[in-house]
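Chemist: Encoded as structure tokens, here's the structure I'll be asking about.
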Amino acid sequence: MNTMDFRKDFALFRSSNAPVYFDNSATTQRPDCVIEAVADFYRNSNANPLRGLYDLALKATEKYEDARKTVASFIGAKNPSQIVFTRNTTESLNLVSESISSAVKIGEGDDIVVTVSEHHSNLLPWQRLAKRTGAKLVFMEPDMTGLISDEEIRSKITERTKLVAAAHVSNVWGRVNPIEKIIKRAHSFGAVAVIDGAQAVAHMKVDVSSLDCDLYAFSGHKMLAPMGIGVLYGKAELLERMEPFMLGGEMIEYVTREDATYAEVPHKFEAGTVNAGGAAGLARACAYISDTGFDFIRTQETELTSYLIGKMNSIRGIELYGSKDPDEHNGIISFNIKDCHPHDVASILNEDGICVRAGHHCAQPLMQFMGIGSCVRASVYAYNTLEEADRFVKCLKNVRKVLGY
Amino acid sequence: MELKDLYREIVNDHNINPVHKYEMDMPDIVLRGVNPSCGDDINLMVKIKDGIITEASYMGCGCAISQASVDMMLDNVTGLTKEEALARADIFLGMIEGKIIDDKELEVLDDAMYLKEISHMPARVKCAVLGWRTLKKILSEDIPG
């Protein structure tokens with residue numbers, strides 16, 4: 001496998017005037033086989049899954065449940081029933097925050113612990129849960145390279161802690177959080193550990209069983225799969241105890257006028273007609289990533305990140321955030337250029353066909369912690385090339401001049 | 001006009017050497033305008049005497065387009081009556097929405113008319129209109145003077 005072979009699978013990169021797509025942390029591109037898998041479901045297996053008694057509906061159900069098996073094996077879940085399909089990471093995390101109280105008693109005097117670098121989707125649900133229950137929201141703070149120390153974990157996760165929520169990889173620093181230590185510490189006090197894996201699953205082999213996390217959330221669209229399909233993994237006994245988040249069709253066992261009993265896990269969390277086409281696409285993406293291999297993906301990303309960091313460091317007035325070690329970035333490089341607002345930088349890069357993200361990256365408390373209003377984020381994936389990196393750096397060098405400095 | 005030329009020819013000067021960026025002594029009205037998604041954040045300060053804007057300034061931070069646009073706006077509306085300034089705001093907003101395209105009609109905006117190109121840059125529209133939106137809010141309120 002080489003990058004050029006890999007790139008050929010993506011329609012965007014086959015076009016002659018393809019942009020430099022460096023916004024992979026926001027969403028990746030999708031290979032033909034994933035788009036084809038979605039189309040194939042709707043062309044050849046389309047009926048409402050889990051309902052009909054006829055062959056076509058059974059085929060649809062089979063596709064959907066096969067996707068669950070593929071995803072389970074992709075992240076090392078012991079049983080496919082531990083995979084709940086959702087829309088995305090945000091929905092998965094909201095599901096947990098809305099349902100967890102039925103399984104874990106949280107109240108006054110208890111702590112909910114998060115990190116200050118969380119994406120808003122792994123912060124706002126816990127803010128609300130804390131307000132509703134009277135629990136206190138406690139923040140673990142990293143150093144200025146994004147690293148959370150052992151001491152920070154020890155001092156913030158205590159016997160008061162009932163739930164800990166942390167990103168596997170920060171969407172701004174790109175750094176892997178010490179989630180094994182966080183999970184272990186949480187468990188030592190009987191607290192539940194929720195991991196936001198949105199920025200991890202496309203970049204490294206994730207094994208939820210060996211991580212021993214209680215819940216793990218991620219999105220399909222950040223790992224080459226369609227938008228609108230996401231996953232919540234959970235430990236079986238916890239999912240059993242959690243009440244459903246949404247009520248409606250196909251999540252019930254028996255319904256009377258006054259009452260209902262719910263279906264088994266995972267179906268009790270999947271009310272309404274499911275996104276079976278998306279699930280088929282996600283399963284194909286898992287297989288595609290497995291075939292490509294994390295060794296290849298990681299090597300490419302690290303080479304690109306290392307090259308970019310080296311070149312970017314020579315640009316006048318630039319400040320790069322996070323670790324000095326390219327391997328600690330997972331393809332994410334956040335930065336600012338002195339005197340230049342990130343939106344101006346992104347607009348100028350756009351003029352040269354370069355796609356980056358600029359703003360607060362849905363992590364305003366982190367921006368405040370870093371003492372900045374916003375920043376620019378370039379995020380690469382294994383299909384990006386050194387030539388693209390050169391185009392990016394060349395344009396970046398010119399930004400201060402364009403803005404009159 | 002390309003974005004880079006727009007910066008070079010008009011935006012950079014107002015952004016780097018703004019005339020109206022200062023803290024005003026005893027303003028009659030102060031109003032904050034924010035683009036939450038971009039972090040553009042300004043405080044407009046105006047003095048109004050006999051219905052006329054006698055002095056206008058701003059403080060704040062944000063992208064070059066948002067800041068330069070405010071400076072150009074304040075150049076443009078100082079000395080106008082509230083009604084005249086409101087009419088200018090409508091012309092500017094009409095220009096950015098792509099509804100007013102005749103340069104003759106836009107000439108009254110002075111430098112601000114060069115931001116016409118922003119109407120083709122949807123991602124930057126809210127940067128350009130932040131100041132004018134905030135000014136409109138100030139002037140639409142029933143304020144004595």
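Following the order of the structure tokens, first chain is A, next is B, and so on, with residues numbered from 1 inside each chain and ligands from 1 in the order they appear.
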For chain A, work out the contacting residues on chain B at 6 Å, counting only C-alpha atoms, and write them as a PyMOL selection string.
Modeler: chain B and resi 12+38+63
Chemist: List the spatial neighbours of Ala67 in chain A as a PyMOL selection string - criterion: any atom at most 8 Å away, only C-alpha atoms, same-chain residues fewer than 6 positions off excluded.
Modeler: chain A and resi 279-280+282-283
Chemist: Figure out the distance between CA of Tyr381 in chain A and CA of Pro326 in chain A, please, to one decimal in Å.
Modeler: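 A separation of 13.5 Å between them.
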Chemist: What is the CA of Leu349 in chain A to CA of Arg400 in chain A distance in Å?
Modeler: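 Interatomic distance here is 11.8 Å.
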Chemist: Would you list, as a ChimeraX atom specification, the residues of range 58-120 of chain B that end up in alpha helix (DSSP H) under DSSP run on this structure's backbone?
Modeler: /B:64-77,82-96,103-106
Chemist: In terms of the shortest atom-to-atom distance over only C-alpha atoms, which of B:Ile48, B:Ile96, B:Ala87, B:Leu109 is closest to Asp75 in chain B?
Modeler: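 With only C-alpha atoms as the atom set, the closest residue is B:Leu109.
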Chemist: Near Val265 in chain A, counting only C-alpha atoms, which residues have an atom at most 9 Å away, once you skip same-chain residues fewer than 5 positions from it, shown as an NGL selection string?
Modeler: :A and (81-84 or 236 or 239-240)
Chemist: Would you work out the distance separating CA of Thr292 in chain A from CA of Ala11 in chain A, expressed in Å to one decimal?
Modeler: 17.4 Å
Chemist: Write out as a PDB file with all heavy atoms, in the first residue's frame each polymer residue whose atoms come within 9 Å of range 308-320 of chain A, counting only C-alpha atoms; drop sequence neighbours fewer than 3 positions from it.
Modeler:
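selection-v2.pdb, freshly written:
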ATOM      1  N   GLU A 303       4.601  10.848   9.421  1.00  0.00           N
ATOM      2  CA  GLU A 303       5.536  11.440   8.474  1.00  0.00           C
ATOM      3  C   GLU A 303       5.053  12.838   8.052  1.00  0.00           C
ATOM      4  O   GLU A 303       5.815  13.803   8.056  1.00  0.00           O
ATOM      5  CB  GLU A 303       5.681  10.534   7.246  1.00  0.00           C
ATOM      6  CG  GLU A 303       6.760  11.038   6.291  1.00  0.00           C
ATOM      7  CD  GLU A 303       6.781  10.295   4.947  1.00  0.00           C
ATOM      8  OE1 GLU A 303       5.939   9.395   4.750  1.00  0.00           O
ATOM      9  OE2 GLU A 303       7.637  10.650   4.118  1.00  0.00           O
ATOM     10  N   LEU A 304       3.761  12.922   7.726  1.00  0.00           N
ATOM     11  CA  LEU A 304       3.186  14.205   7.308  1.00  0.00           C
ATOM     12  C   LEU A 304       3.246  15.242   8.431  1.00  0.00           C
ATOM     13  O   LEU A 304       3.633  16.391   8.222  1.00  0.00           O
ATOM     14  CB  LEU A 304       1.711  14.010   6.929  1.00  0.00           C
ATOM     15  CG  LEU A 304       1.395  13.616   5.496  1.00  0.00           C
ATOM     16  CD1 LEU A 304      -0.041  13.133   5.410  1.00  0.00           C
ATOM     17  CD2 LEU A 304       1.594  14.820   4.578  1.00  0.00           C
ATOM     18  N   THR A 305       2.844  14.811   9.620  1.00  0.00           N
ATOM     19  CA  THR A 305       2.810  15.740  10.751  1.00  0.00           C
ATOM     20  C   THR A 305       4.218  16.233  11.073  1.00  0.00           C
ATOM     21  O   THR A 305       4.432  17.422  11.317  1.00  0.00           O
ATOM     22  CB  THR A 305       2.220  15.045  11.998  1.00  0.00           C
ATOM     23  OG1 THR A 305       1.047  14.347  11.605  1.00  0.00           O
ATOM     24  CG2 THR A 305       1.853  16.056  13.067  1.00  0.00           C
ATOM     25  N   SER A 323       2.072  19.041  21.747  1.00  0.00           N
ATOM     26  CA  SER A 323       3.379  18.421  21.964  1.00  0.00           C
ATOM     27  C   SER A 323       4.368  18.756  20.848  1.00  0.00           C
ATOM     28  O   SER A 323       3.976  19.034  19.718  1.00  0.00           O
ATOM     29  CB  SER A 323       3.190  16.907  22.031  1.00  0.00           C
ATOM     30  OG  SER A 323       4.434  16.258  22.044  1.00  0.00           O
ATOM     31  N   LYS A 324       5.662  18.718  21.175  1.00  0.00           N
ATOM     32  CA  LYS A 324       6.701  18.898  20.156  1.00  0.00           C
ATOM     33  C   LYS A 324       6.881  17.623  19.346  1.00  0.00           C
ATOM     34  O   LYS A 324       7.424  17.635  18.251  1.00  0.00           O
ATOM     35  CB  LYS A 324       8.040  19.246  20.831  1.00  0.00           C
ATOM     36  CG  LYS A 324       8.038  20.557  21.584  1.00  0.00           C
ATOM     37  CD  LYS A 324       9.136  21.481  21.036  1.00  0.00           C
ATOM     38  CE  LYS A 324       9.166  22.823  21.762  1.00  0.00           C
ATOM     39  NZ  LYS A 324       7.879  23.547  21.697  1.00  0.00           N
ATOM     40  N   PRO A 326       5.761  14.886  16.925  1.00  0.00           N
ATOM     41  CA  PRO A 326       4.719  14.730  15.894  1.00  0.00           C
ATOM     42  C   PRO A 326       3.836  13.499  16.135  1.00  0.00           C
ATOM     43  O   PRO A 326       2.670  13.486  15.754  1.00  0.00           O
ATOM     44  CB  PRO A 326       5.515  14.543  14.605  1.00  0.00           C
ATOM     45  CG  PRO A 326       6.885  15.033  14.891  1.00  0.00           C
ATOM     46  CD  PRO A 326       7.120  14.899  16.363  1.00  0.00           C
ATOM     47  N   ILE A 333      -2.773  19.573  13.853  1.00  0.00           N
ATOM     48  CA  ILE A 333      -1.848  20.658  14.201  1.00  0.00           C
ATOM     49  C   ILE A 333      -2.658  21.947  14.353  1.00  0.00           C
ATOM     50  O   ILE A 333      -3.180  22.489  13.379  1.00  0.00           O
ATOM     51  CB  ILE A 333      -0.767  20.859  13.120  1.00  0.00           C
ATOM     52  CG1 ILE A 333      -0.042  19.536  12.828  1.00  0.00           C
ATOM     53  CG2 ILE A 333       0.240  21.927  13.564  1.00  0.00           C
ATOM     54  CD1 ILE A 333       0.925  19.614  11.659  1.00  0.00           C
ATOM     55  N   SER A 334      -2.769  22.423  15.591  1.00  0.00           N
ATOM     56  CA  SER A 334      -3.460  23.683  15.845  1.00  0.00           C
ATOM     57  C   SER A 334      -2.422  24.782  16.011  1.00  0.00           C
ATOM     58  O   SER A 334      -1.367  24.562  16.601  1.00  0.00           O
ATOM     59  CB  SER A 334      -4.318  23.588  17.106  1.00  0.00           C
ATOM     60  OG  SER A 334      -5.388  22.685  16.876  1.00  0.00           O
ATOM     61  N   PHE A 335      -2.729  25.965  15.474  1.00  0.00           N
ATOM     62  CA  PHE A 335      -1.735  27.034  15.508  1.00  0.00           C
ATOM     63  C   PHE A 335      -2.374  28.407  15.354  1.00  0.00           C
ATOM     64  O   PHE A 335      -3.556  28.521  15.000  1.00  0.00           O
ATOM     65  CB  PHE A 335      -0.699  26.824  14.393  1.00  0.00           C
ATOM     66  CG  PHE A 335      -1.276  26.902  12.994  1.00  0.00           C
ATOM     67  CD1 PHE A 335      -1.210  28.086  12.262  1.00  0.00           C
ATOM     68  CD2 PHE A 335      -1.897  25.805  12.417  1.00  0.00           C
ATOM     69  CE1 PHE A 335      -1.753  28.177  10.978  1.00  0.00           C
ATOM     70  CE2 PHE A 335      -2.444  25.882  11.135  1.00  0.00           C
ATOM     71  CZ  PHE A 335      -2.372  27.061  10.415  1.00  0.00           C
ATOM     72  N   ASN A 336      -1.569  29.418  15.597  1.00  0.00           N
ATOM     73  CA  ASN A 336      -1.946  30.797  15.295  1.00  0.00           C
ATOM     74  C   ASN A 336      -0.758  31.500  14.666  1.00  0.00           C
ATOM     75  O   ASN A 336       0.389  31.126  14.908  1.00  0.00           O
ATOM     76  CB  ASN A 336      -2.377  31.541  16.565  1.00  0.00           C
ATOM     77  CG  ASN A 336      -3.886  31.475  16.778  1.00  0.00           C
ATOM     78  OD1 ASN A 336      -4.660  31.624  15.822  1.00  0.00           O
ATOM     79  ND2 ASN A 336      -4.309  31.245  18.002  1.00  0.00           N
ATOM     80  N   ILE A 337      -1.057  32.510  13.865  1.00  0.00           N
ATOM     81  CA  ILE A 337      -0.004  33.369  13.318  1.00  0.00           C
ATOM     82  C   ILE A 337      -0.198  34.754  13.922  1.00  0.00           C
ATOM     83  O   ILE A 337      -1.314  35.280  13.907  1.00  0.00           O
ATOM     84  CB  ILE A 337      -0.080  33.432  11.777  1.00  0.00           C
ATOM     85  CG1 ILE A 337       0.153  32.037  11.206  1.00  0.00           C
ATOM     86  CG2 ILE A 337       0.934  34.422  11.224  1.00  0.00           C
ATOM     87  CD1 ILE A 337       0.075  31.960   9.703  1.00  0.00           C
ATOM     88  N   LYS A 338       0.860  35.282  14.468  1.00  0.00           N
ATOM     89  CA  LYS A 338       0.823  36.560  15.184  1.00  0.00           C
ATOM     90  C   LYS A 338       0.076  37.632  14.379  1.00  0.00           C
ATOM     91  O   LYS A 338       0.302  37.780  13.173  1.00  0.00           O
ATOM     92  CB  LYS A 338       2.270  37.027  15.417  1.00  0.00           C
ATOM     93  CG  LYS A 338       2.415  38.190  16.363  1.00  0.00           C
ATOM     94  CD  LYS A 338       3.898  38.433  16.659  1.00  0.00           C
ATOM     95  CE  LYS A 338       4.108  39.614  17.559  1.00  0.00           C
ATOM     96  NZ  LYS A 338       3.887  40.900  16.895  1.00  0.00           N
ATOM     97  N   ASP A 339      -0.796  38.345  15.046  1.00  0.00           N
ATOM     98  CA  ASP A 339      -1.582  39.452  14.480  1.00  0.00           C
ATOM     99  C   ASP A 339      -2.672  39.023  13.502  1.00  0.00           C
ATOM    100  O   ASP A 339      -3.432  39.852  13.023  1.00  0.00           O
ATOM    101  CB  ASP A 339      -0.694  40.491  13.745  1.00  0.00           C
ATOM    102  CG  ASP A 339       0.365  41.082  14.642  1.00  0.00           C
ATOM    103  OD1 ASP A 339       0.052  41.343  15.819  1.00  0.00           O
ATOM    104  OD2 ASP A 339       1.507  41.270  14.173  1.00  0.00           O
ATOM    105  N   LEU A 386       2.913  14.832   0.889  1.00  0.00           N
ATOM    106  CA  LEU A 386       3.925  15.850   1.184  1.00  0.00           C
ATOM    107  C   LEU A 386       3.789  17.038   0.225  1.00  0.00           C
ATOM    108  O   LEU A 386       4.055  18.176   0.601  1.00  0.00           O
ATOM    109  CB  LEU A 386       5.333  15.241   1.080  1.00  0.00           C
ATOM    110  CG  LEU A 386       5.654  14.162   2.122  1.00  0.00           C
ATOM    111  CD1 LEU A 386       7.025  13.550   1.853  1.00  0.00           C
ATOM    112  CD2 LEU A 386       5.598  14.718   3.546  1.00  0.00           C
ATOM    113  N   ALA A 389       1.329  19.190   1.654  1.00  0.00           N
ATOM    114  CA  ALA A 389       1.936  19.883   2.798  1.00  0.00           C
ATOM    115  C   ALA A 389       2.736  21.081   2.306  1.00  0.00           C
ATOM    116  O   ALA A 389       2.680  22.163   2.900  1.00  0.00           O
ATOM    117  CB  ALA A 389       2.822  18.915   3.580  1.00  0.00           C
ATOM    118  N   ASP A 390       3.463  20.914   1.209  1.00  0.00           N
ATOM    119  CA  ASP A 390       4.247  22.020   0.649  1.00  0.00           C
ATOM    120  C   ASP A 390       3.345  23.171   0.186  1.00  0.00           C
ATOM    121  O   ASP A 390       3.646  24.337   0.413  1.00  0.00           O
ATOM    122  CB  ASP A 390       5.100  21.529  -0.533  1.00  0.00           C
ATOM    123  CG  ASP A 390       6.333  20.767  -0.061  1.00  0.00           C
ATOM    124  OD1 ASP A 390       6.803  21.044   1.067  1.00  0.00           O
ATOM    125  OD2 ASP A 390       6.826  19.909  -0.815  1.00  0.00           O
ATOM    126  N   PHE A 392       0.439  23.917   1.291  1.00  0.00           N
ATOM    127  CA  PHE A 392      -0.102  24.521   2.512  1.00  0.00           C
ATOM    128  C   PHE A 392       0.923  25.474   3.138  1.00  0.00           C
ATOM    129  O   PHE A 392       0.620  26.624   3.453  1.00  0.00           O
ATOM    130  CB  PHE A 392      -0.496  23.400   3.476  1.00  0.00           C
ATOM    131  CG  PHE A 392      -0.772  23.816   4.887  1.00  0.00           C
ATOM    132  CD1 PHE A 392      -1.947  24.470   5.222  1.00  0.00           C
ATOM    133  CD2 PHE A 392       0.147  23.544   5.894  1.00  0.00           C
ATOM    134  CE1 PHE A 392      -2.208  24.841   6.533  1.00  0.00           C
ATOM    135  CE2 PHE A 392      -0.104  23.913   7.208  1.00  0.00           C
ATOM    136  CZ  PHE A 392      -1.285  24.569   7.533  1.00  0.00           C
ATOM    137  N   VAL A 393       2.153  24.979   3.291  1.00  0.00           N
ATOM    138  CA  VAL A 393       3.189  25.777   3.953  1.00  0.00           C
ATOM    139  C   VAL A 393       3.514  27.021   3.121  1.00  0.00           C
ATOM    140  O   VAL A 393       3.667  28.119   3.661  1.00  0.00           O
ATOM    141  CB  VAL A 393       4.462  24.927   4.196  1.00  0.00           C
ATOM    142  CG1 VAL A 393       5.617  25.799   4.658  1.00  0.00           C
ATOM    143  CG2 VAL A 393       4.174  23.847   5.234  1.00  0.00           C
ATOM    144  N   LEU A 396       0.854  29.480   3.677  1.00  0.00           N
ATOM    145  CA  LEU A 396       0.878  29.956   5.062  1.00  0.00           C
ATOM    146  C   LEU A 396       1.969  31.018   5.259  1.00  0.00           C
ATOM    147  O   LEU A 396       1.787  31.995   6.000  1.00  0.00           O
ATOM    148  CB  LEU A 396       1.134  28.753   5.980  1.00  0.00           C
ATOM    149  CG  LEU A 396       0.621  28.819   7.412  1.00  0.00           C
ATOM    150  CD1 LEU A 396      -0.865  29.109   7.446  1.00  0.00           C
ATOM    151  CD2 LEU A 396       0.912  27.487   8.120  1.00  0.00           C
ATOM    152  N   LYS A 397       3.084  30.820   4.579  1.00  0.00           N
ATOM    153  CA  LYS A 397       4.208  31.754   4.689  1.00  0.00           C
ATOM    154  C   LYS A 397       3.810  33.148   4.224  1.00  0.00           C
ATOM    155  O   LYS A 397       4.404  34.141   4.625  1.00  0.00           O
ATOM    156  CB  LYS A 397       5.372  31.267   3.806  1.00  0.00           C
ATOM    157  CG  LYS A 397       6.261  30.255   4.488  1.00  0.00           C
ATOM    158  CD  LYS A 397       7.430  29.898   3.596  1.00  0.00           C
ATOM    159  CE  LYS A 397       8.307  28.883   4.289  1.00  0.00           C
ATOM    160  NZ  LYS A 397       9.097  28.108   3.344  1.00  0.00           N
ATOM    161  N   ARG A 400       0.924  36.574   6.516  1.00  0.00           N
ATOM    162  CA  ARG A 400       1.171  37.856   7.184  1.00  0.00           C
ATOM    163  C   ARG A 400       1.303  38.986   6.168  1.00  0.00           C
ATOM    164  O   ARG A 400       0.820  40.092   6.392  1.00  0.00           O
ATOM    165  CB  ARG A 400       2.426  37.775   8.071  1.00  0.00           C
ATOM    166  CG  ARG A 400       2.138  37.238   9.478  1.00  0.00           C
ATOM    167  CD  ARG A 400       3.383  37.192  10.338  1.00  0.00           C
ATOM    168  NE  ARG A 400       3.964  38.505  10.574  1.00  0.00           N
ATOM    169  CZ  ARG A 400       3.574  39.353  11.531  1.00  0.00           C
ATOM    170  NH1 ARG A 400       2.600  39.003  12.350  1.00  0.00           N
ATOM    171  NH2 ARG A 400       4.140  40.528  11.665  1.00  0.00           N
TER     172      ARG A 400
END
Chemist: If you run DSSP over the backbone, which residues in range 32-63 of chain B end up strand (DSSP E or B)? Put them as an MDAnalysis selection string.
Modeler: chainID B and resid 32:35 40:49 52:61
Chemist: Which residues are close to Ser170 in chain A, i.e. within 12 Å by only C-alpha atoms, leaving aside same-chain residues fewer than 6 positions away? Reply as a ChimeraX atom specification.
Modeler: /A:25,115-120,122,142,145-148,176-179,195-200,321-323,328-334,361-363,366
Chemist: Can you pull out every residue within 12 Å of range 122-127 of chain B, counting only C-alpha atoms, but drop anything in the same chain fewer than 5 positions away, and send it as a VMD selection string?
Modeler: (chain A and resid 341 343 to 344 346 to 348 350 357 to 358) or (chain B and resid 3 33 to 42 61 to 70 92 to 98 115 to 117 132 to 134)
Chemist: Determine, counting only C-alpha atoms, which protein, DNA and RNA residues have an atom within 9 Å of an atom of Ile153 in chain A; residues of the same chain fewer than 6 positions away are not included. Present the result as an MDAnalysis selection string.
Modeler: chainID A and resid 140 181:182 185
